[in-house]
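Report on the following structure.
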Amino acid sequence: MVISNPAHSEKPTVSARSIHKSFGSNEVLKGIDIDLYPGEVLALVGGNGAGKSTLMKILMGIYQADSGRLFVDGVETKINKPSIALANGIYLVPQEPMLFPNMSVEENIIIGFNENKAELRNRLKDTIQTLGWELDLKRKALTLSIAEQQLVEILRGLMRKSKLLIFDEPTSSLTFNEVEALFTMINLLRQQGLSIIYITHRLNEVFQIADRVVIMSDGLITLNAPVEEVNHEILVRGLLPTNIEYQENKICSIDINRECKPIFEVNQLTGYGFSNISFKVYLGEILGIAGIVGAGRTELVTSIFGKDDIINGKVILDGEDITGLSTHEVMSKGLSYVPEDRFLNGMFRISSVAENTTASSVDSLGHIALNKKREKEITNYFIDTFRTRVTGCEQEMGSLSGGNQQKVVIGRSITTKPKLLILDEPTRGIDAAARADVYAIINKLRQDGMAILIISSDMEEIVELSDRVLTMYSGQIVAEFNREDVNHDSLMAAAFGIVGGKV
Amino acid sequence: MNVANNGKQSKLKRTLNKLLHARELTSIIFLVLMFAVVGIINSNFLSVSNLTLSLNSSVVYTIVAIGIALVIITGEIDVSVGATLGMAASISATMVRDGSPTWLAFSAAILVGALIGLINGIGVSILKVPSIIMTLGVNSIVRGLIYVYTDGKWVENLPFDFKTISQSKLPGTGITLIYFSVIVIAIIVHLFLNRTQRGKYFAAVGDNEGGATLLGIPVNATRLSAYVICGVFSAIGGVLYASRVGFVTPISGNGYEMKVIAACVLGGVSMAGGVGTVIGASIGSLIMASISRVLVFIGLSSDYDNTITGCLLIIIVVFDAVMQRRNAVTARHERLRARTGNVNLGGIK
């Protein structure tokens, strides 16, 4: 890949040199060098966990780098809190609006300024007029729609007279006209010599607005080139993790009978965060759902699992309509869900392994007094078959390693003998050995005839495990792949909304 | 977007609209209804002398409620205000009893109040101790110190001059000068919170701490100053208490935290932070001060006072929490919906 640095006559507004940042043992930024020039719009693209947000938070003083140096106008500057970043003319327009819900739009925009109020107000009116946006300044922020909130956030950034403006996915909920107006404004700011970072998941926006494009992947910059030198294909390839080995699908193929009735069927399902989703899962099949965070995958399955409302459509499990049932009812009908974040909603940290294993099937252990012997039997069975490394079934859950915790949680989810098992990011944050064990468990379950739905942002995992893959983007299914034609490139492209070379 | 027309409304209409939607309006309606209903049962309740008495008797609640409202608006809580009040009352009372001039006693009390507020503020905003734990601990410490300071004895025989401070009336009315001054303070604090850049930080910090940090608003300093102001106002309350009651016991001010928190909530200050005014808190204080009088007038024992206060507090807070949860769910749904299918999926089926 060609990594070319554009020849700039001017000095960079902000520069970063060998920025490193780790959270615990997880190295998120592995030495980032970046220069931001006046009058240049830099598009920053990257998958989830690539480190984009972390880098931006370091520029904004929300996080501090473990090592590395920052320069503003050529002078080394320690940015250790947002107020210092602001004083140096750096402003981040966050992805999720951070407004004060109980203040008016105007108060929200001009809070924190030390200038004369009347002047500020005039400047604000001028800015809004230039943009051609319609926004009542007297309304309370809590009555604004998300798009309107985002407009307010952008206005805050524009009012700041910054040197470096960072937009984190500003268009994710704007309408077409609003996006046009924003682009016009960005062009104006570029002419005024501002330096702009534009983070986006929409690759076509890169070509519309950017002068230069930087791709981050796995904590590194994998591409830094003028926008004229790249095309969609190069962008997608740059998004793939570095040094991936093209792995074989390790799951042994078994015959899946797609002639008979599917065990699980979702029909034109619409809810909050997804719309018009239809798919079928057959006995003994592993269906993967790929997509980037925010694509609506987790919202889809948690809604199916009864944790959020369904607006429209049907969910059918083994011929039975389970649409809109409560979580408890959905589980008793034969559906289990292993959540994405096991610390938050998957496990009981200070309980024993045995209690964790049987937590879902407590009813079957006796109605008045719990049958401790039975509890032990069940637990030992799963410890043996899943090769869980524990000192005994009384060991405290919180003291286990991540991989072993995940095995216990998966064990628990199948104690209810589900017909369909949904695994959300099953191997996130666990080591390679445990990962192989978890894959073996999944494989064994499917051979026993269980239908499995796997959600993952890890494309390799999806490729390795799935019989069939659906890709979600913006809350919709944009592509379906059979086992034969699944590969990293097409998956990654689809995850960014590009199917068949089209955006 | 359906926002354009609003801008063309006349200023008068907008002001009217604002008044109608103010959270304080509910409190005023509640207050008026309470007086009306009790007045029907016992017409003496609506006599001028009783009404002025109600106002005057709410003065201690009001000044402390203004202080604690600042803390609650920043999203925290202070349950040590009752103890601070008691400490300030004990200190000022012993000092004037032993011959110190009033201004010196007053200053000493305020200094102690500010110190207690500073300790609370450092604990909460710098050391990040949960505010309920920090101020509960400080409450206990200060209560203990009151016993040490007074030897567990009552402070009595306060000079006549000191007691008259709280009695002198505004010429031509039954309203005390003190109550009038406290209302002036309330208005000044109100203007500070709503008209100045720094004042607006208080609500901003309570409304969205993350957003405030991102805008470079000094979150810790704002919280810290809220606690110090709260301490000072509680101390002023303590001096007024000593002057009004005429003696101070080691348990003076016990339970005041509950009363003033209830007063704030009744006055439309949200326990979640970011919402509410000190004017509202003052109206709430008037309601709180009137409840025990209401009980007497309708022939109930004033033993019910605390029970009623507690019930009111919980009902309002629960109602607020339910509304807030509903709003949060709606906002989340809207956000998710905005993300969905917003992109032209050109030609994909």
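Residues are referred to by chain and number: the chain letter is A, B, ... according to the order shown in the structure tokens, the number counts from 1 in that chain, and ligands are numbered separately from 1 in the order shown.
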For B:Arg223, find every residue with an atom within 9 Å (counting only C-alpha atoms), except residues of its own chain fewer than 5 positions away, and show them as a PyMOL selection string. chain B and resi 70-71+74-76+121+124-125+202+205+218+228
How close does stretch 111-224 of chain A get to stretch 87-100 of chain A? List, as a tab-separated table, each residue of stretch 111-224 of chain A within 9 Å, its nearest atom pair and the distance in Å to one decimal, counting only C-alpha atoms.
residue	atom	partner	partner_atom	distance
A:Lys140	CA	A:Phe100	CA	8.8
A:Ala141	CA	A:Phe100	CA	6.6
A:Leu142	CA	A:Phe100	CA	7.9
A:Ile146	CA	A:Pro97	CA	7.7
A:Gln149	CA	A:Pro97	CA	6.1
A:Gln150	CA	A:Pro97	CA	5.8
A:Val152	CA	A:Leu99	CA	8.2
A:Glu153	CA	A:Val93	CA	6.0
A:Ile154	CA	A:Val93	CA	6.1
A:Arg156	CA	A:Val93	CA	7.9
A:Gly157	CA	A:Tyr91	CA	6.2
A:Arg160	CA	A:Tyr91	CA	7.5
A:Lys161	CA	A:Gly89	CA	7.2
A:Ser162	CA	A:Gly89	CA	4.3
A:Lys163	CA	A:Gly89	CA	4.9
A:Leu164	CA	A:Ile90	CA	4.8
A:Leu165	CA	A:Tyr91	CA	5.1
A:Ile166	CA	A:Leu92	CA	4.6
A:Phe167	CA	A:Val93	CA	5.0
A:Asp168	CA	A:Gln95	CA	4.9
A:Glu169	CA	A:Gln95	CA	5.6
A:Pro170	CA	A:Gln95	CA	6.2
A:Thr171	CA	A:Gln95	CA	9.0
A:Ser172	CA	A:Gln95	CA	8.2
Could you give me, as a count of residues only, the residues within 9 Å of stretch 463-469 of chain A, counting only C-alpha atoms and dropping anything in the same chain fewer than 2 positions from it? 32
Give me the chain A side of the contact with chain B, cut-off 7 Å, one line per residue showing its nearest atom pair and distance in Å at one decimal, counting only C-alpha atoms, sorted by chain and residue number, as a Markdown table.
| residue | atom | partner | partner_atom | distance |
| --- | --- | --- | --- | --- |
| A:Pro82 | CA | B:Gly216 | CA | 5.4 |
| A:Ser83 | CA | B:Gly216 | CA | 4.0 |
| A:Leu86 | CA | B:Gly216 | CA | 6.9 |
| A:Met98 | CA | B:Gly211 | CA | 4.8 |
| A:Leu99 | CA | B:Gly211 | CA | 6.2 |
| A:Phe100 | CA | B:Asp207 | CA | 5.5 |
| A:Pro101 | CA | B:Asp207 | CA | 6.7 |
| A:Asn102 | CA | B:Val275 | CA | 6.6 |
| A:Ile111 | CA | B:Gln197 | CA | 6.9 |
| A:Gly112 | CA | B:Ile217 | CA | 6.4 |
| A:Glu134 | CA | B:Ala4 | CA | 6.1 |
| A:Leu135 | CA | B:Val3 | CA | 6.0 |
| A:Asp136 | CA | B:Val3 | CA | 5.5 |
| A:Ile146 | CA | B:Arg335 | CA | 6.0 |
| A:Ser172 | CA | B:Arg339 | CA | 6.3 |
| A:Ser173 | CA | B:Ala338 | CA | 5.2 |
| A:Tyr272 | CA | B:Arg337 | CA | 5.4 |
| A:Gly273 | CA | B:Leu336 | CA | 4.2 |
| A:Phe274 | CA | B:Thr340 | CA | 5.7 |
| A:Ser275 | CA | B:Thr340 | CA | 6.8 |
| A:Ser474 | CA | B:Thr340 | CA | 4.9 |
| A:Gly475 | CA | B:Thr340 | CA | 4.6 |
| A:Gln476 | CA | B:Gly341 | CA | 6.3 |
| A:Val478 | CA | B:Ile348 | CA | 6.8 |
| A:Val503 | CA | B:Gly346 | CA | 6.7 |
Contact residues around A:Arg202 with only C-alpha atoms at 8 Å, ignoring same-chain residues under 2 positions, as a list of chain:residue names: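 My reading of the contact set: A:Thr200, A:Asn204, A:Glu205, A:Val206, A:Phe496, A:Gly497.
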What does the structure give for the distance between atom CA of A:Ile199 and atom CA of A:Ile215, in Å to one decimal?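 These atoms are spaced 10.1 Å apart.
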State, in Å with one decimal place, the distance from atom CA of A:Ser352 to atom CA of A:Ser399. 9.7 Å
Between atom CA of A:Asp424 and atom CA of A:Leu445, distance in Å (one decimal): 15.9 Å
Can you tell me which residues surround B:Ser285 at a distance of at most 9 Å, considering only C-alpha atoms, apart from same-chain residues fewer than 5 positions away, and format the answer as number ranges by chain? B: 58-63, 65, 259-260, 262-264, 266-267, 280, 290
Which polymer residues have any atom within 10 Å of an atom of A:Gly132, counting only C-alpha atoms, with same-chain residues fewer than 3 positions away left out, as a PyMOL selection string? chain A and resi 126-129+135+177-178+181-182
The selected residues should be written to file as a PDB file, in the first residue's frame (atoms: N, CA and C atoms).
ATOM      1  N   ASP A 126     -26.064  34.871  12.662  1.00  0.00           N
ATOM      2  CA  ASP A 126     -25.388  34.888  11.359  1.00  0.00           C
ATOM      3  C   ASP A 126     -25.026  33.486  10.907  1.00  0.00           C
ATOM      4  N   THR A 127     -24.454  32.733  11.839  1.00  0.00           N
ATOM      5  CA  THR A 127     -24.044  31.371  11.503  1.00  0.00           C
ATOM      6  C   THR A 127     -25.231  30.544  11.033  1.00  0.00           C
ATOM      7  N   ILE A 128     -26.330  30.653  11.789  1.00  0.00           N
ATOM      8  CA  ILE A 128     -27.511  29.867  11.436  1.00  0.00           C
ATOM      9  C   ILE A 128     -28.034  30.288  10.065  1.00  0.00           C
ATOM     10  N   GLN A 129     -27.943  31.589   9.825  1.00  0.00           N
ATOM     11  CA  GLN A 129     -28.434  32.089   8.539  1.00  0.00           C
ATOM     12  C   GLN A 129     -27.572  31.568   7.380  1.00  0.00           C
ATOM     13  N   LEU A 135     -33.936  26.697  13.319  1.00  0.00           N
ATOM     14  CA  LEU A 135     -33.787  26.222  14.683  1.00  0.00           C
ATOM     15  C   LEU A 135     -34.274  27.315  15.621  1.00  0.00           C
ATOM     16  N   ASN A 177     -30.778  17.218   3.293  1.00  0.00           N
ATOM     17  CA  ASN A 177     -30.576  18.663   3.178  1.00  0.00           C
ATOM     18  C   ASN A 177     -29.649  19.193   4.262  1.00  0.00           C
ATOM     19  N   GLU A 178     -29.808  18.638   5.450  1.00  0.00           N
ATOM     20  CA  GLU A 178     -28.962  19.074   6.556  1.00  0.00           C
ATOM     21  C   GLU A 178     -27.504  18.692   6.304  1.00  0.00           C
ATOM     22  N   ALA A 181     -26.082  21.139   3.858  1.00  0.00           N
ATOM     23  CA  ALA A 181     -25.773  22.412   4.507  1.00  0.00           C
ATOM     24  C   ALA A 181     -24.500  22.304   5.329  1.00  0.00           C
ATOM     25  N   LEU A 182     -24.349  21.180   6.004  1.00  0.00           N
ATOM     26  CA  LEU A 182     -23.144  20.974   6.813  1.00  0.00           C
ATOM     27  C   LEU A 182     -21.905  20.965   5.917  1.00  0.00           C
TER      28      LEU A 182
END
From stretch 182-358 of chain A, collect each residue whose DSSP state is strand (DSSP E) and return the set as JSON, numbers by chain. {"A": [195, 196, 197, 198, 199, 212, 213, 214, 215, 216, 217, 220, 221, 222, 223, 224, 225, 226, 264, 265, 266, 267, 268, 269, 270, 271, 274, 275, 276, 277, 278, 279, 280, 281, 286, 287, 288, 289, 290, 310, 311, 312, 313, 314, 315, 316, 317, 320, 321, 335, 336, 337, 338]}
Which of stretch 246-314 of chain B fall in helix (DSSP H, G or I), as a PDB file with N, CA and C atoms, in the first residue's frame:
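out.pdb was written with the following content:
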ATOM      1  N   TYR B 256     -33.884  18.964  60.008  1.00  0.00           N
ATOM      2  CA  TYR B 256     -34.055  20.072  59.055  1.00  0.00           C
ATOM      3  C   TYR B 256     -33.680  19.662  57.636  1.00  0.00           C
ATOM      4  N   GLU B 257     -32.695  18.745  57.516  1.00  0.00           N
ATOM      5  CA  GLU B 257     -32.283  18.324  56.171  1.00  0.00           C
ATOM      6  C   GLU B 257     -33.476  17.759  55.410  1.00  0.00           C
ATOM      7  N   MET B 258     -34.246  16.942  56.123  1.00  0.00           N
ATOM      8  CA  MET B 258     -35.432  16.330  55.517  1.00  0.00           C
ATOM      9  C   MET B 258     -36.429  17.400  55.069  1.00  0.00           C
ATOM     10  N   LYS B 259     -36.656  18.381  55.967  1.00  0.00           N
ATOM     11  CA  LYS B 259     -37.628  19.434  55.665  1.00  0.00           C
ATOM     12  C   LYS B 259     -37.204  20.262  54.450  1.00  0.00           C
ATOM     13  N   VAL B 260     -35.928  20.610  54.390  1.00  0.00           N
ATOM     14  CA  VAL B 260     -35.531  21.507  53.301  1.00  0.00           C
ATOM     15  C   VAL B 260     -35.384  20.742  51.977  1.00  0.00           C
ATOM     16  N   ILE B 261     -35.029  19.458  52.066  1.00  0.00           N
ATOM     17  CA  ILE B 261     -35.008  18.672  50.822  1.00  0.00           C
ATOM     18  C   ILE B 261     -36.437  18.582  50.288  1.00  0.00           C
ATOM     19  N   ALA B 262     -37.377  18.302  51.207  1.00  0.00           N
ATOM     20  CA  ALA B 262     -38.780  18.239  50.800  1.00  0.00           C
ATOM     21  C   ALA B 262     -39.236  19.578  50.231  1.00  0.00           C
ATOM     22  N   ALA B 263     -38.779  20.681  50.871  1.00  0.00           N
ATOM     23  CA  ALA B 263     -39.160  22.007  50.391  1.00  0.00           C
ATOM     24  C   ALA B 263     -38.671  22.217  48.956  1.00  0.00           C
ATOM     25  N   CYS B 264     -37.424  21.817  48.684  1.00  0.00           N
ATOM     26  CA  CYS B 264     -36.879  21.970  47.335  1.00  0.00           C
ATOM     27  C   CYS B 264     -37.690  21.167  46.328  1.00  0.00           C
ATOM     28  N   VAL B 265     -37.949  19.909  46.691  1.00  0.00           N
ATOM     29  CA  VAL B 265     -38.676  19.032  45.776  1.00  0.00           C
ATOM     30  C   VAL B 265     -40.084  19.580  45.529  1.00  0.00           C
ATOM     31  N   LEU B 266     -40.744  20.036  46.616  1.00  0.00           N
ATOM     32  CA  LEU B 266     -42.067  20.638  46.472  1.00  0.00           C
ATOM     33  C   LEU B 266     -42.015  21.870  45.577  1.00  0.00           C
ATOM     34  N   VAL B 278     -34.243  28.707  43.011  1.00  0.00           N
ATOM     35  CA  VAL B 278     -34.311  28.972  44.447  1.00  0.00           C
ATOM     36  C   VAL B 278     -35.625  29.649  44.809  1.00  0.00           C
ATOM     37  N   ILE B 279     -36.271  30.293  43.839  1.00  0.00           N
ATOM     38  CA  ILE B 279     -37.602  30.853  44.092  1.00  0.00           C
ATOM     39  C   ILE B 279     -38.562  29.706  44.407  1.00  0.00           C
ATOM     40  N   GLY B 280     -38.466  28.656  43.586  1.00  0.00           N
ATOM     41  CA  GLY B 280     -39.275  27.462  43.834  1.00  0.00           C
ATOM     42  C   GLY B 280     -39.001  26.899  45.216  1.00  0.00           C
ATOM     43  N   ALA B 281     -37.720  26.811  45.554  1.00  0.00           N
ATOM     44  CA  ALA B 281     -37.355  26.270  46.873  1.00  0.00           C
ATOM     45  C   ALA B 281     -37.950  27.118  47.987  1.00  0.00           C
ATOM     46  N   SER B 282     -38.002  28.448  47.774  1.00  0.00           N
ATOM     47  CA  SER B 282     -38.584  29.324  48.795  1.00  0.00           C
ATOM     48  C   SER B 282     -40.078  29.071  48.945  1.00  0.00           C
ATOM     49  N   ILE B 283     -40.748  28.875  47.816  1.00  0.00           N
ATOM     50  CA  ILE B 283     -42.187  28.573  47.888  1.00  0.00           C
ATOM     51  C   ILE B 283     -42.390  27.237  48.604  1.00  0.00           C
ATOM     52  N   GLY B 284     -41.545  26.263  48.270  1.00  0.00           N
ATOM     53  CA  GLY B 284     -41.620  24.966  48.928  1.00  0.00           C
ATOM     54  C   GLY B 284     -41.421  25.097  50.429  1.00  0.00           C
ATOM     55  N   SER B 285     -40.509  25.983  50.822  1.00  0.00           N
ATOM     56  CA  SER B 285     -40.261  26.185  52.252  1.00  0.00           C
ATOM     57  C   SER B 285     -41.498  26.727  52.946  1.00  0.00           C
ATOM     58  N   LEU B 286     -42.181  27.613  52.257  1.00  0.00           N
ATOM     59  CA  LEU B 286     -43.407  28.186  52.811  1.00  0.00           C
ATOM     60  C   LEU B 286     -44.433  27.069  53.024  1.00  0.00           C
ATOM     61  N   ILE B 287     -44.524  26.162  52.052  1.00  0.00           N
ATOM     62  CA  ILE B 287     -45.455  25.042  52.190  1.00  0.00           C
ATOM     63  C   ILE B 287     -45.058  24.186  53.395  1.00  0.00           C
ATOM     64  N   MET B 288     -43.764  23.873  53.478  1.00  0.00           N
ATOM     65  CA  MET B 288     -43.298  23.023  54.575  1.00  0.00           C
ATOM     66  C   MET B 288     -43.593  23.657  55.920  1.00  0.00           C
ATOM     67  N   ALA B 289     -43.328  24.975  56.012  1.00  0.00           N
ATOM     68  CA  ALA B 289     -43.543  25.655  57.287  1.00  0.00           C
ATOM     69  C   ALA B 289     -45.018  25.693  57.622  1.00  0.00           C
ATOM     70  N   SER B 290     -45.873  25.696  56.594  1.00  0.00           N
ATOM     71  CA  SER B 290     -47.311  25.834  56.838  1.00  0.00           C
ATOM     72  C   SER B 290     -47.961  24.519  57.239  1.00  0.00           C
ATOM     73  N   ILE B 291     -47.333  23.404  56.842  1.00  0.00           N
ATOM     74  CA  ILE B 291     -47.995  22.113  57.062  1.00  0.00           C
ATOM     75  C   ILE B 291     -48.308  21.880  58.551  1.00  0.00           C
ATOM     76  N   SER B 292     -47.328  22.167  59.408  1.00  0.00           N
ATOM     77  CA  SER B 292     -47.599  21.906  60.832  1.00  0.00           C
ATOM     78  C   SER B 292     -48.691  22.835  61.362  1.00  0.00           C
ATOM     79  N   ARG B 293     -48.750  24.051  60.825  1.00  0.00           N
ATOM     80  CA  ARG B 293     -49.816  24.965  61.240  1.00  0.00           C
ATOM     81  C   ARG B 293     -51.155  24.471  60.706  1.00  0.00           C
ATOM     82  N   VAL B 294     -51.127  23.947  59.473  1.00  0.00           N
ATOM     83  CA  VAL B 294     -52.356  23.417  58.880  1.00  0.00           C
ATOM     84  C   VAL B 294     -52.934  22.333  59.780  1.00  0.00           C
ATOM     85  N   LEU B 295     -52.058  21.449  60.255  1.00  0.00           N
ATOM     86  CA  LEU B 295     -52.516  20.340  61.094  1.00  0.00           C
ATOM     87  C   LEU B 295     -53.247  20.861  62.333  1.00  0.00           C
ATOM     88  N   VAL B 296     -52.669  21.896  62.931  1.00  0.00           N
ATOM     89  CA  VAL B 296     -53.299  22.462  64.117  1.00  0.00           C
ATOM     90  C   VAL B 296     -54.686  23.013  63.772  1.00  0.00           C
ATOM     91  N   PHE B 297     -54.750  23.731  62.651  1.00  0.00           N
ATOM     92  CA  PHE B 297     -56.014  24.385  62.279  1.00  0.00           C
ATOM     93  C   PHE B 297     -57.109  23.415  61.892  1.00  0.00           C
ATOM     94  N   SER B 302     -50.000  17.615  65.600  1.00  0.00           N
ATOM     95  CA  SER B 302     -48.846  17.964  64.774  1.00  0.00           C
ATOM     96  C   SER B 302     -47.835  16.821  64.756  1.00  0.00           C
ATOM     97  N   ASP B 303     -48.149  15.718  65.449  1.00  0.00           N
ATOM     98  CA  ASP B 303     -47.299  14.530  65.366  1.00  0.00           C
ATOM     99  C   ASP B 303     -47.256  13.985  63.944  1.00  0.00           C
ATOM    100  N   TYR B 304     -48.288  14.304  63.172  1.00  0.00           N
ATOM    101  CA  TYR B 304     -48.330  13.795  61.793  1.00  0.00           C
ATOM    102  C   TYR B 304     -47.367  14.533  60.859  1.00  0.00           C
ATOM    103  N   ASP B 305     -46.838  15.629  61.355  1.00  0.00           N
ATOM    104  CA  ASP B 305     -46.019  16.519  60.536  1.00  0.00           C
ATOM    105  C   ASP B 305     -44.962  15.778  59.717  1.00  0.00           C
ATOM    106  N   ASN B 306     -44.103  15.029  60.416  1.00  0.00           N
ATOM    107  CA  ASN B 306     -43.008  14.341  59.724  1.00  0.00           C
ATOM    108  C   ASN B 306     -43.500  13.299  58.740  1.00  0.00           C
ATOM    109  N   THR B 307     -44.567  12.588  59.154  1.00  0.00           N
ATOM    110  CA  THR B 307     -45.103  11.550  58.280  1.00  0.00           C
ATOM    111  C   THR B 307     -45.590  12.157  56.970  1.00  0.00           C
ATOM    112  N   ILE B 308     -46.293  13.276  57.095  1.00  0.00           N
ATOM    113  CA  ILE B 308     -46.820  13.921  55.892  1.00  0.00           C
ATOM    114  C   ILE B 308     -45.675  14.431  55.010  1.00  0.00           C
ATOM    115  N   THR B 309     -44.683  15.051  55.668  1.00  0.00           N
ATOM    116  CA  THR B 309     -43.526  15.538  54.910  1.00  0.00           C
ATOM    117  C   THR B 309     -42.901  14.400  54.106  1.00  0.00           C
ATOM    118  N   GLY B 310     -42.689  13.266  54.797  1.00  0.00           N
ATOM    119  CA  GLY B 310     -42.067  12.104  54.145  1.00  0.00           C
ATOM    120  C   GLY B 310     -42.884  11.620  52.973  1.00  0.00           C
ATOM    121  N   CYS B 311     -44.209  11.527  53.170  1.00  0.00           N
ATOM    122  CA  CYS B 311     -45.081  11.044  52.104  1.00  0.00           C
ATOM    123  C   CYS B 311     -45.004  11.967  50.892  1.00  0.00           C
ATOM    124  N   LEU B 312     -45.132  13.277  51.155  1.00  0.00           N
ATOM    125  CA  LEU B 312     -45.074  14.247  50.059  1.00  0.00           C
ATOM    126  C   LEU B 312     -43.777  14.101  49.270  1.00  0.00           C
ATOM    127  N   LEU B 313     -42.672  14.013  50.028  1.00  0.00           N
ATOM    128  CA  LEU B 313     -41.364  13.910  49.396  1.00  0.00           C
ATOM    129  C   LEU B 313     -41.316  12.701  48.470  1.00  0.00           C
ATOM    130  N   ILE B 314     -41.734  11.552  48.991  1.00  0.00           N
ATOM    131  CA  ILE B 314     -41.621  10.327  48.196  1.00  0.00           C
ATOM    132  C   ILE B 314     -42.541  10.373  46.981  1.00  0.00           C
TER     133      ILE B 314
END
At a cut-off of 7 Å, using only C-alpha atoms, what residues contact A:Glu265? Leave out same-chain residues fewer than 5 positions from it and give the result as a PDB file with C-alpha atoms, in the first residue's frame.
ATOM      1  CA  PHE A 279     -34.352 -14.297   8.190  1.00  0.00           C
ATOM      2  CA  LYS A 280     -34.661 -17.983   9.017  1.00  0.00           C
ATOM      3  CA  VAL A 281     -32.502 -20.328  11.046  1.00  0.00           C
ATOM      4  CA  VAL A 315     -40.857 -13.669  15.545  1.00  0.00           C
ATOM      5  CA  ILE A 316     -41.613 -17.372  15.282  1.00  0.00           C
ATOM      6  CA  LEU A 317     -39.831 -20.051  17.283  1.00  0.00           C
TER       7      LEU A 317
END
